[in-house]
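Heads up: the structure comes next, in structure tokens.
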Amino acid sequence: MTADIQGAKAALAHLDIDENAATVRQKSRDFFWYSPVLKDRLDGVSADFVVTPQSEAEVIEVMRVAHAHRVPVTVRGSGTGNYGQAMPIAGGIVLHMKAMNEIREIAPGRVIAGPGTILADLDRRTRAESGQELRIHPSTHNTASLGGFIGGGSTGVGAIRWGGLRATGNILRLRLVTCEAEPRVVDLTGEHIQKANHAYGVNGVITEIEMPLAPAYDWVDLLVGFDDFMEASSYAYALAHEDAILLKQLATVAAPVPHDYFLRHKKFLRPEHSVAVVMVAPHAVEALLTFTERWKTAEIAYRSDRDGRDGLPPAFELCWNHTTLRALRVDPSITYLQVQYGAEDPLASLAKMTELFGDEVPGHTEFTRFDGTVAIGGLPLVRYTTEARLDEINRLHEAHGCATFNPHRYTLEEGGMKRSDPVQLAFKRECDPAGLMNPGKMIAWDDPDWDFSDERFYIFPSLAS
Ligand code: FAD
């Protein structure tokens with residue numbers, strides 16, 4: 001059965017619908033253009049129309065109509081996903097969740113909110129009413145939605161203390177509407193949460209989320225400068241192992257990136273500065289300074305409690321994918337990779353990659369907790385020349401024992417573990433039997449025999465021309 005777009009539109013005409021071609025195209029785009037590879041492939045993508053549900057009851061109605069008319073549905077939070085997660089590559093409906101932004105309950109250690117809630121708004125409310133904040137948020141705190149963080153994100157600011165969203169306990173409960181003739185509302189707890197966590201909305205629409213909270217602090221931002229990137233990273237690795245210095249964020253960025261691309265912090269930096277970007281609790285600043293004094297080559301280039309914050313972005317907006325964004329704004333040819341440095345000796349693995357690529361791949365690490373230990377992940381920049389060289393750089397990382405998560409692919413598998421996730425696939429069969437939710441994002445659904453070992457780029461049929 002082919003998609004009956006007009007029939008679906010007529011059946012949903014009483015809801016908040018946008019069918020203006022220009023604004024529909026706008027709401028069909030995310031940050032896919034971050035990648036020169038995805039920019040080429042996805043630029044022409046657009047939905048047929050956008051529906052903005054006001055309630056779970058309206059989501060259920062959209063799912064029922066979409067199923068009856070076999071119309072694809074791609075859920076959208078704020079559209080900040082940078083792998084094309086929210087791009088409706090099969091057309092159909094974009095389901096814009098922005099109106100479902102109610103904060104329903106704030107309690108000790110937890111909050112219940114709608115998926116459209118902007119993360120910064122959520123933190124403002126929980127701070128004001130309870131002195132608490134989200135444990136982890138992406139660096140897109142000011143724009144991203146809670147549902148989009150869970151549907152399309154993975155980790156971020158706070159990971160040095162709390163790990164990523166996949167760590168058991170970092171999401172408490174999800175409520176999901178399925179896409180069936182009679183849509184169901186499912187509460188996911190315990191192991192079941194992973195069925196919809198980082199699933200790009202391929203198996204349903206998250207309509208309510210319960211998240212854990214941590215005590216809120218007026219985090220102090222520091223840039224600690226070194227004349228050598230590996231020295232900065234050794235400092236950060238040692239700092240990450242300090243048991244009693246409470247951090248919210250820890251990253252390192254290689255020279256000349258901070259001086260050349262962190263334009264508003266430039267006045268604090270020398271071109272030779274590789275920096276550790278640190279967010280520390282106010283009561284832990286003195287301990288951090290004591291620790292830093294042991295590093296004879298360390299310079300405190302910037303401290304928000306000394307130098308102020310006037311006109312400066314928060315330190316976390318120098319980290320995660322914001323590092324790439326700042327570089328891209330100055331030099332549009334820059335792109336990036338996503339790497340997990342060798343688990344046995346991540347510093348040695350980072351040193352090897354730094355030596356191998358030099359300034360072609362300026363270093364950017366993110367220090368996180370992972371399975372109980374400190375891990376070094378990275379979003380190193382790449383001075384892009386060709387797609388073939390980008391693939392080669394990715395492959396060379398793998399060859400040297402670094403796991404890579406390719407940010408230049410739009411499917412769950414290619415951007416993740418390069419294999420299908422049987423739990424998410426089985427759940428999709430249950431919840432989206434007609435395969436209407438965000439088509440093209442799960443290879444295991446489209447092509448169960450796909451061979452991940454040969455590293456071919458999966459192209460969804462509608463993108464093939
Ligand atoms: P969208 O982009 O709108 O959606 C993301 C995915 O989730 C899509 O597949 C969408 O279909 C699905 N989805 C959205 N809402 C729902 C729902 N209610 N139910 C089911 N599925 C849903 N990511 C990180 O993890 N950490 C970072 O630190 C980080 N930093 C970033 C910095 C920059 C500058 C940029 C551009 C991106 C960054 N990202 C990061 C990626 C992205 O911002 C995050 O994933 C963000 O949380 C996405 O939220 P969003 O509301 O924009 O989601």
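For the structure tokens, the naming scheme is as follows: chains receive sequential letters (A, B, ...) according to their order of presentation, residues are indexed from 1 within each chain, and ligands are indexed from 1 in presentation order.
Inside stretch 44-153 of chain A, the residues DSSP reads as strand (DSSP E or B) when given the backbone are Phe49, Val50, Val51, Val73, Thr74, Val75, Arg76, Ile93, Val94, Leu95, His96, Ile103, Arg104, Glu105, Ile106, Ala107, Arg110, Val111, Ile112, Ala113, Ile118, Gln132, Glu133, Leu134, His137 and Ser145 of chain A.
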Counting only C-alpha atoms and all ligand atoms, name the residues that have an atom within 6 Å of an atom of ligand 1; the answer should be given as a count of residues only. 38
Determine which residues of stretch 133-270 of chain A receive a DSSP assignment of alpha helix (DSSP H), computed from the backbone, and state them as a PDB file with C-alpha atoms, in the first residue's frame.
ATOM      1  CA  LEU A 146      14.483  16.350  26.457  1.00  0.00           C
ATOM      2  CA  GLY A 147      12.824  13.886  24.040  1.00  0.00           C
ATOM      3  CA  GLY A 148      15.394  14.659  21.344  1.00  0.00           C
ATOM      4  CA  PHE A 149      18.278  14.145  23.778  1.00  0.00           C
ATOM      5  CA  ILE A 150      16.970  10.681  24.579  1.00  0.00           C
ATOM      6  CA  GLY A 151      15.884   9.878  21.019  1.00  0.00           C
ATOM      7  CA  GLY A 152      19.027  11.091  19.308  1.00  0.00           C
ATOM      8  CA  ALA A 159      29.471  12.542  31.842  1.00  0.00           C
ATOM      9  CA  ILE A 160      32.683  12.911  33.864  1.00  0.00           C
ATOM     10  CA  ARG A 161      30.571  12.251  36.969  1.00  0.00           C
ATOM     11  CA  TRP A 162      27.582  10.282  35.668  1.00  0.00           C
ATOM     12  CA  PHE A 229      48.305  18.766  23.916  1.00  0.00           C
ATOM     13  CA  MET A 230      49.416  15.492  25.490  1.00  0.00           C
ATOM     14  CA  GLU A 231      50.483  17.368  28.628  1.00  0.00           C
ATOM     15  CA  ALA A 232      46.997  18.932  28.770  1.00  0.00           C
ATOM     16  CA  SER A 233      45.428  15.505  28.293  1.00  0.00           C
ATOM     17  CA  SER A 234      47.676  13.841  30.912  1.00  0.00           C
ATOM     18  CA  TYR A 235      46.650  16.584  33.349  1.00  0.00           C
ATOM     19  CA  ALA A 236      42.975  15.984  32.543  1.00  0.00           C
ATOM     20  CA  TYR A 237      43.330  12.209  32.870  1.00  0.00           C
ATOM     21  CA  ALA A 238      44.928  12.611  36.295  1.00  0.00           C
ATOM     22  CA  LEU A 239      42.271  15.143  37.306  1.00  0.00           C
ATOM     23  CA  ALA A 240      39.530  12.751  36.207  1.00  0.00           C
ATOM     24  CA  VAL A 257      41.986  25.378  17.954  1.00  0.00           C
ATOM     25  CA  PRO A 258      41.238  27.291  21.193  1.00  0.00           C
ATOM     26  CA  HIS A 259      43.045  30.460  20.112  1.00  0.00           C
ATOM     27  CA  ASP A 260      41.902  30.334  16.479  1.00  0.00           C
ATOM     28  CA  TYR A 261      38.284  29.262  16.929  1.00  0.00           C
TER      29      TYR A 261
END
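When only C-alpha atoms are used to compute distances to A:Glu414, the closest of the residues A:Asn101, A:Asn142, A:Thr386, A:Ser453 turns out to be A:Ser453.
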Atom CA of A:Val382 to atom CA of A:Pro271 measures 18.5 Å
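Taking only C-alpha atoms, the non-local environment of A:Arg303 within 7 Å (same-chain residues fewer than 4 positions away omitted) comprises A:Asp221, A:Leu222, A:Leu223, A:Asp307.
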Test item: residues at most 6 Å from stretch 436-445 of chain A, only C-alpha atoms, excluding those fewer than 6 positions along its chain, as a list in words: Pro72, Val73, Thr74, Val202, Thr411, Leu412, Ser420 and Phe460 of chain A
Which residues, written as a VMD selection string, have at least one atom at most 7 Å from A:Val51, with only C-alpha atoms counted and residues fewer than 2 positions away on the same chain left out? chain A and resid 16 to 18 49 53 93 to 96
Write out as a ChimeraX atom specification each polymer residue whose atoms come within 7 Å of A:Ile103, counting only C-alpha atoms; drop sequence neighbours fewer than 2 positions from it. /A:101,105,112-114
Show which residues sit within 10 Å of A:Val330, as a list in words. Count only C-alpha atoms, and ignore same-chain residues fewer than 2 positions away. Asp260, Tyr261, Phe262, Leu263, Leu325, Arg326, Ala327, Leu328, Pro332, Ser333 and Ile334 of chain A
Selected residues, all heavy atoms, written as an mmCIF file, in the first residue's frame, please.
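Okay, part04.cif is ready:
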data_model
loop_
_atom_site.group_PDB
_atom_site.id
_atom_site.type_symbol
_atom_site.label_atom_id
_atom_site.label_comp_id
_atom_site.auth_asym_id
_atom_site.auth_seq_id
_atom_site.Cartn_x
_atom_site.Cartn_y
_atom_site.Cartn_z
ATOM 1 N N ASP A 260 42.395 29.957 17.812
ATOM 2 C CA ASP A 260 41.902 30.334 16.479
ATOM 3 C C ASP A 260 40.386 30.320 16.374
ATOM 4 O O ASP A 260 39.812 31.066 15.583
ATOM 5 C CB ASP A 260 42.472 29.382 15.414
ATOM 6 C CG ASP A 260 43.954 29.649 15.174
ATOM 7 O OD1 ASP A 260 44.514 30.558 15.835
ATOM 8 O OD2 ASP A 260 44.553 28.940 14.343
ATOM 9 N N TYR A 261 39.727 29.448 17.156
ATOM 10 C CA TYR A 261 38.284 29.262 16.929
ATOM 11 C C TYR A 261 37.400 29.630 18.123
ATOM 12 O O TYR A 261 36.202 29.803 17.956
ATOM 13 C CB TYR A 261 38.001 27.808 16.515
ATOM 14 C CG TYR A 261 38.776 27.362 15.301
ATOM 15 C CD1 TYR A 261 39.338 26.090 15.223
ATOM 16 C CD2 TYR A 261 38.932 28.219 14.200
ATOM 17 C CE1 TYR A 261 40.044 25.681 14.094
ATOM 18 C CE2 TYR A 261 39.650 27.821 13.079
ATOM 19 C CZ TYR A 261 40.206 26.552 13.037
ATOM 20 O OH TYR A 261 40.902 26.155 11.924
ATOM 21 N N PHE A 262 37.951 29.703 19.330
ATOM 22 C CA PHE A 262 37.131 30.109 20.482
ATOM 23 C C PHE A 262 37.197 31.640 20.551
ATOM 24 O O PHE A 262 37.870 32.221 21.405
ATOM 25 C CB PHE A 262 37.646 29.477 21.786
ATOM 26 C CG PHE A 262 37.559 27.976 21.846
ATOM 27 C CD1 PHE A 262 38.126 27.277 22.922
ATOM 28 C CD2 PHE A 262 36.906 27.249 20.868
ATOM 29 C CE1 PHE A 262 38.041 25.887 22.999
ATOM 30 C CE2 PHE A 262 36.823 25.851 20.937
ATOM 31 C CZ PHE A 262 37.401 25.176 22.002
ATOM 32 N N LEU A 263 36.518 32.279 19.604
ATOM 33 C CA LEU A 263 36.774 33.698 19.346
ATOM 34 C C LEU A 263 36.556 34.574 20.570
ATOM 35 O O LEU A 263 37.298 35.514 20.808
ATOM 36 C CB LEU A 263 35.913 34.179 18.173
ATOM 37 C CG LEU A 263 36.224 33.471 16.839
ATOM 38 C CD1 LEU A 263 35.379 34.050 15.721
ATOM 39 C CD2 LEU A 263 37.702 33.527 16.489
ATOM 40 N N LEU A 325 31.468 23.121 16.066
ATOM 41 C CA LEU A 325 30.667 24.254 15.587
ATOM 42 C C LEU A 325 31.492 25.543 15.561
ATOM 43 O O LEU A 325 31.456 26.301 14.595
ATOM 44 C CB LEU A 325 29.436 24.429 16.482
ATOM 45 C CG LEU A 325 28.441 25.512 16.075
ATOM 46 C CD1 LEU A 325 27.829 25.213 14.709
ATOM 47 C CD2 LEU A 325 27.321 25.648 17.104
ATOM 48 N N ARG A 326 32.263 25.771 16.628
ATOM 49 C CA ARG A 326 33.071 27.007 16.684
ATOM 50 C C ARG A 326 34.133 27.006 15.588
ATOM 51 O O ARG A 326 34.407 28.034 14.978
ATOM 52 C CB ARG A 326 33.713 27.160 18.070
ATOM 53 C CG ARG A 326 32.647 27.442 19.094
ATOM 54 C CD ARG A 326 33.082 27.889 20.436
ATOM 55 N NE ARG A 326 31.873 27.958 21.255
ATOM 56 C CZ ARG A 326 30.988 28.953 21.213
ATOM 57 N NH1 ARG A 326 31.198 30.001 20.444
ATOM 58 N NH2 ARG A 326 29.889 28.919 21.948
ATOM 59 N N ALA A 327 34.716 25.849 15.335
ATOM 60 C CA ALA A 327 35.729 25.757 14.272
ATOM 61 C C ALA A 327 35.086 25.971 12.901
ATOM 62 O O ALA A 327 35.612 26.716 12.061
ATOM 63 C CB ALA A 327 36.416 24.403 14.339
ATOM 64 N N LEU A 328 33.928 25.342 12.706
ATOM 65 C CA LEU A 328 33.220 25.447 11.423
ATOM 66 C C LEU A 328 32.845 26.875 11.071
ATOM 67 O O LEU A 328 32.822 27.258 9.905
ATOM 68 C CB LEU A 328 31.908 24.673 11.545
ATOM 69 C CG LEU A 328 31.848 23.248 11.045
ATOM 70 C CD1 LEU A 328 30.513 22.626 11.418
ATOM 71 C CD2 LEU A 328 32.006 23.239 9.540
ATOM 72 N N PRO A 332 34.819 26.779 7.326
ATOM 73 C CA PRO A 332 33.733 25.856 6.963
ATOM 74 C C PRO A 332 34.223 24.514 6.429
ATOM 75 O O PRO A 332 33.412 23.588 6.284
ATOM 76 C CB PRO A 332 32.953 26.613 5.881
ATOM 77 C CG PRO A 332 33.413 28.020 5.950
ATOM 78 C CD PRO A 332 34.782 28.025 6.558
ATOM 79 N N SER A 333 35.515 24.383 6.148
ATOM 80 C CA SER A 333 35.968 23.095 5.602
ATOM 81 C C SER A 333 36.223 22.078 6.718
ATOM 82 O O SER A 333 36.488 20.912 6.445
ATOM 83 C CB SER A 333 37.243 23.293 4.786
ATOM 84 O OG SER A 333 38.325 23.555 5.660
ATOM 85 N N ILE A 334 36.123 22.516 7.968
ATOM 86 C CA ILE A 334 36.442 21.582 9.064
ATOM 87 C C ILE A 334 35.303 20.613 9.336
ATOM 88 O O ILE A 334 34.131 20.976 9.281
ATOM 89 C CB ILE A 334 36.811 22.387 10.331
ATOM 90 C CG1 ILE A 334 38.249 22.859 10.158
ATOM 91 C CG2 ILE A 334 36.650 21.570 11.614
ATOM 92 C CD1 ILE A 334 38.810 23.609 11.287
#
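Closest approach to A:Glu182 from the set A:His397, A:Arg64, A:Arg329, A:His408 is made by A:Arg64, with distances taken over only C-alpha atoms.
Of the residues listed (A:Ser304, A:Gln340, A:Thr368, A:Gln132), A:Gln340 shows the shortest atom-to-atom separation from A:Gly401; distances use only C-alpha atoms.
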Restricting the calculation to only C-alpha atoms: of A:Glu398, A:Asp359, A:Asp228, A:Glu286, which residue gets closest to A:Arg383? A:Asp359
